[in-house]
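Please read the structure below before turning to the comments.
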Amino acid sequence: MSPSLVPAPDYATWRPTKETLHRFLQVVGKLRLAASPRRNHWWNVPLHLTGRGLTTRPMTVDGESAFSVDLDLLDHRLDLNRDDGTRWSMDLPGRSVAGFHRGLGAGLAALGIDAVIASPYPFDLPDSARPFAEDDEHVAYDPVAVTAYWRVLGQVNLLLEEFAGRFSGKASPVHHFWHTMDIAHTRFSDRVVDHDASTDPVTREAYSRQVISFGFWFGDENTPEPAFYSYTAPEPAGLAERGLTPAAARWVEQRGSHLAVLTQAAALAEPAPRAAVLDFYESAYRAGAELAGWDVQQLSCVDGATDRMAR
């Protein structure tokens, strides 16, 4: 059985640490972006979970040797590993973003890895005009809060993996987005979405097909509490009029569309929290899929099996 859900760190309490860690993840994520073959919908870019934290998975800059960056969020260490067996590490606590950026660069140089981040600035954060190399402001790092964050990621990862097994169509891996610091799984239809020239290239690729996405975020300034969420893009008419399960779930208007939201506090208040979250995702999926004309029955899976004899 999957472990029970535990509360994420309180947003207000761990916010300074979260802001530092978020920028650490962006540095590592941008390295991943620079050293991985491009995949549809940017699937090459997110980070993935390990038994101790997060990983870039293997990357390469020369097409021959491979390397990876792993963040150990139990011992609070960055491990840089090369496929020839050489490795380099640095501790995470006590480092500013500038120090982290400088340290990772030193580690890459020590292992002879010529990887360069194309745009060494925060993405879509308030200080996006300040280079990582000049950020000595963000230095807070509470190891207890970071480990709690990782534990929640692990539990939600298992929950999303279980939910992903119910769908037989095109779907993303369960992965951790470093730009928004959420963990998500997305289902796709074959409907092509045409964006006009004013839409940025990141969005055009991410949403080149109609999607229904499911995930969990740790809170931000606009929504300062951890929550499970789902959205359909493009959004079909009448979506926010559809009912959600459990009763505590709600539709929230956001940038002209609607987000299905179940706060973690509300989920934990349910008699069976994991089941409540799975029901929430299912209700949000059916709301979007049925209104958008997806063949829900044809795309369904039972316990991850499309083979009827295996059920």
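Starting from 1 in every chain, residues are counted up; chains themselves are A, B, ... following the order of the structure tokens, and ligands are numbered from 1 as listed.
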Exercise for review: Find the residues near Trp217 in chain A: any atom within 9 Å, counting only C-alpha atoms, skip ones fewer than 4 places away on the same chain, and give them as a PyMOL selection string.
Suggested key: chain A and resi 180-184+225-229
Could you save the residues just selected, with N, CA, C and O atoms, as a PDB file, in the first residue's frame?
```pdb
ATOM      1  N   THR A 180       7.832  26.063 -11.725  1.00  0.00           N
ATOM      2  CA  THR A 180       6.694  26.385 -10.856  1.00  0.00           C
ATOM      3  C   THR A 180       6.726  25.624  -9.534  1.00  0.00           C
ATOM      4  O   THR A 180       5.890  25.852  -8.676  1.00  0.00           O
ATOM      5  N   MET A 181       7.648  24.704  -9.387  1.00  0.00           N
ATOM      6  CA  MET A 181       7.845  23.925  -8.159  1.00  0.00           C
ATOM      7  C   MET A 181       6.598  23.112  -7.800  1.00  0.00           C
ATOM      8  O   MET A 181       6.205  23.027  -6.639  1.00  0.00           O
ATOM      9  N   ASP A 182       5.983  22.509  -8.824  1.00  0.00           N
ATOM     10  CA  ASP A 182       4.871  21.605  -8.576  1.00  0.00           C
ATOM     11  C   ASP A 182       5.183  20.251  -9.197  1.00  0.00           C
ATOM     12  O   ASP A 182       6.094  20.116 -10.003  1.00  0.00           O
ATOM     13  N   ILE A 183       4.434  19.243  -8.772  1.00  0.00           N
ATOM     14  CA  ILE A 183       4.572  17.906  -9.325  1.00  0.00           C
ATOM     15  C   ILE A 183       3.291  17.602 -10.077  1.00  0.00           C
ATOM     16  O   ILE A 183       2.192  17.908  -9.595  1.00  0.00           O
ATOM     17  N   ALA A 184       3.407  17.026 -11.286  1.00  0.00           N
ATOM     18  CA  ALA A 184       2.231  16.936 -12.138  1.00  0.00           C
ATOM     19  C   ALA A 184       2.280  15.719 -13.058  1.00  0.00           C
ATOM     20  O   ALA A 184       3.335  15.133 -13.317  1.00  0.00           O
ATOM     21  N   GLU A 225      -1.130  28.334   0.311  1.00  0.00           N
ATOM     22  CA  GLU A 225      -1.329  27.062   1.004  1.00  0.00           C
ATOM     23  C   GLU A 225      -1.166  25.932  -0.002  1.00  0.00           C
ATOM     24  O   GLU A 225      -1.461  26.093  -1.185  1.00  0.00           O
ATOM     25  N   PRO A 226      -0.665  24.790   0.440  1.00  0.00           N
ATOM     26  CA  PRO A 226      -0.490  23.662  -0.478  1.00  0.00           C
ATOM     27  C   PRO A 226      -1.839  23.104  -0.929  1.00  0.00           C
ATOM     28  O   PRO A 226      -2.803  23.082  -0.159  1.00  0.00           O
ATOM     29  N   ALA A 227      -1.894  22.643  -2.182  1.00  0.00           N
ATOM     30  CA  ALA A 227      -3.170  22.184  -2.725  1.00  0.00           C
ATOM     31  C   ALA A 227      -2.960  21.235  -3.898  1.00  0.00           C
ATOM     32  O   ALA A 227      -1.951  21.296  -4.613  1.00  0.00           O
ATOM     33  N   PHE A 228      -3.934  20.368  -4.097  1.00  0.00           N
ATOM     34  CA  PHE A 228      -4.032  19.546  -5.287  1.00  0.00           C
ATOM     35  C   PHE A 228      -4.832  20.335  -6.329  1.00  0.00           C
ATOM     36  O   PHE A 228      -5.718  21.107  -5.971  1.00  0.00           O
ATOM     37  N   TYR A 229      -4.527  20.120  -7.598  1.00  0.00           N
ATOM     38  CA  TYR A 229      -5.202  20.914  -8.621  1.00  0.00           C
ATOM     39  C   TYR A 229      -5.399  20.105  -9.905  1.00  0.00           C
ATOM     40  O   TYR A 229      -4.765  19.061 -10.124  1.00  0.00           O
TER      41      TYR A 229
END
```
Review point. Which residues in range 96-245 of chain A does DSSP call strand (DSSP E)? List them as an MDAnalysis selection string.
Key: chainID A and resid 175:177 182:192 209:217 227:233
Practice item. Identify, on the basis of only C-alpha atoms, every residue whose closest approach to Leu291 in chain A does not exceed 8 Å; exclude the query and any residue fewer than 4 positions from it along the same chain; express the result as a PyMOL selection string. Key: chain A and resi 236-239+287
Could you dump the residues just selected with N, CA, C and O atoms as a CSV table (one decimal), in the first residue's frame?
```csv
chain,number,residue,atom,x,y,z
A,236,PRO,N,-13.1,23.7,-22.1
A,236,PRO,CA,-14.4,23.7,-22.7
A,236,PRO,C,-15.5,24.5,-22.0
A,236,PRO,O,-15.4,24.7,-20.8
A,237,ALA,N,-16.5,25.0,-22.7
A,237,ALA,CA,-17.5,25.8,-22.1
A,237,ALA,C,-18.3,25.0,-21.0
A,237,ALA,O,-18.5,23.8,-21.2
A,238,GLY,N,-18.6,25.6,-19.9
A,238,GLY,CA,-19.4,25.0,-18.9
A,238,GLY,C,-18.6,24.2,-17.9
A,238,GLY,O,-19.1,23.6,-17.0
A,239,LEU,N,-17.2,24.2,-18.0
A,239,LEU,CA,-16.4,23.4,-17.1
A,239,LEU,C,-16.7,23.7,-15.6
A,239,LEU,O,-16.8,22.8,-14.8
A,287,ALA,N,-15.0,15.9,-15.8
A,287,ALA,CA,-15.6,17.2,-16.1
A,287,ALA,C,-15.0,17.7,-17.4
A,287,ALA,O,-15.7,18.1,-18.4
```
Review point. Just how far from CA of Asn44 in chain A is CA of Glu64 in chain A, in Å to one decimal?
Key: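 Spanning CA of Glu64 in chain A to CA of Asn44 in chain A is a straight-line distance of 18.1 Å.
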**Study point:** Non-local contacts of Leu21 in chain A (9 Å; only C-alpha atoms; under 6 positions in same chain excluded) as a PyMOL selection string
**Key:** chain A and resi 97+138-141+146
Can you write out the residues you just picked, keeping N, CA, C and O atoms, as a compact mmCIF listing (two decimals), in the first residue's frame?
```txt
# COMPACT_ATOMS: atom_id res chain seq x y z
N VAL A 97 22.04 31.48 -3.33
CA VAL A 97 21.83 31.04 -4.72
C VAL A 97 23.10 31.29 -5.53
O VAL A 97 23.51 30.45 -6.34
N HIS A 138 18.94 35.17 -1.25
CA HIS A 138 18.27 33.92 -0.89
C HIS A 138 19.31 32.93 -0.37
O HIS A 138 20.09 32.35 -1.13
N VAL A 139 19.31 32.74 0.95
CA VAL A 139 20.28 31.86 1.58
C VAL A 139 19.65 30.97 2.65
O VAL A 139 20.27 30.01 3.13
N ALA A 140 18.38 31.23 3.00
CA ALA A 140 17.71 30.43 4.04
C ALA A 140 17.58 28.98 3.59
O ALA A 140 17.24 28.70 2.43
N TYR A 141 17.85 28.06 4.51
CA TYR A 141 17.74 26.63 4.19
C TYR A 141 17.51 25.87 5.48
O TYR A 141 18.43 25.65 6.27
N VAL A 146 12.92 21.10 4.27
CA VAL A 146 13.25 20.54 2.95
C VAL A 146 12.98 19.05 2.90
O VAL A 146 12.43 18.53 1.92
```
Review point. If we count only C-alpha atoms, what is near His48 in chain A at a cut-off of 6 Å, once residues fewer than 2 positions away on the same chain are taken out, given as a VMD selection string?
Key: chain A and resid 54 to 55 175 to 176
Study note, to complete from the structure: Nearest to Tyr207 in chain A, restricted to only C-alpha atoms and choosing among A:Ser189, A:Gly29, A:Ala118, A:Asn222, comes out as A:Ser189
Within 8 Å of range 106-114 of chain A, which residues of range 57-87 of chain A show up? Give each one with its shortest atom-to-atom distance in Å (one decimal) and the two atoms involved, counting only C-alpha atoms, rows by chain then rising residue number, as CSV.
```
residue,atom,partner,partner_atom,distance
A:Val61,CA,A:Asp114,CA,7.0
A:Leu80,CA,A:Gly107,CA,7.1
A:Arg82,CA,A:Leu111,CA,7.4
A:Thr86,CA,A:Leu111,CA,7.0
A:Arg87,CA,A:Leu111,CA,7.3
```
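You can rank A:Ser257, A:Ser213, A:Thr203, A:Ser208 by their closest distance to His185 in chain A using only C-alpha atoms, and at the top of that list sits A:Ser213.
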Check your understanding: Leaving out Glu19 in chain A and any residue of its chain fewer than 4 positions from it, which residues lie within 12 Å of it when counting only C-alpha atoms, given as a VMD selection string?
Key -> chain A and resid 11 to 15 23 to 26 96 to 97 122 125 to 127 135 137 to 142 146 178 to 181 218 to 221
Check your understanding: For Ser36 in chain A, which residue among A:Pro271, A:Pro173, A:Pro120, A:Gly63 is the nearest when counting only C-alpha atoms?
Key ->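 Smallest distance to Ser36 in chain A is found for A:Gly63.
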Exercise for review: Determine, counting only C-alpha atoms, which protein, DNA and RNA residues have an atom within 8 Å of an atom of Asp83 in chain A; residues of the same chain fewer than 4 positions away are not included. Present the result as a list in words.
Suggested key: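 Here the qualifying residues turn out to be Ser65, Ala66 and Phe67 of chain A.
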The selected residues should be written to file as a tab-separated table (two decimals), in the first residue's frame (atoms: C-alpha atoms).
```
chain	number	residue	atom	x	y	z
A	65	SER	CA	29.87	10.68	-21.89
A	66	ALA	CA	26.91	11.01	-19.53
A	67	PHE	CA	26.50	12.80	-16.23
```
Review point. Could you work out how far CA of Ala248 in chain A lies from CA of Leu262 in chain A, giving the answer in Å with one decimal?
Key: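 Interatomic distance here is 6.7 Å.
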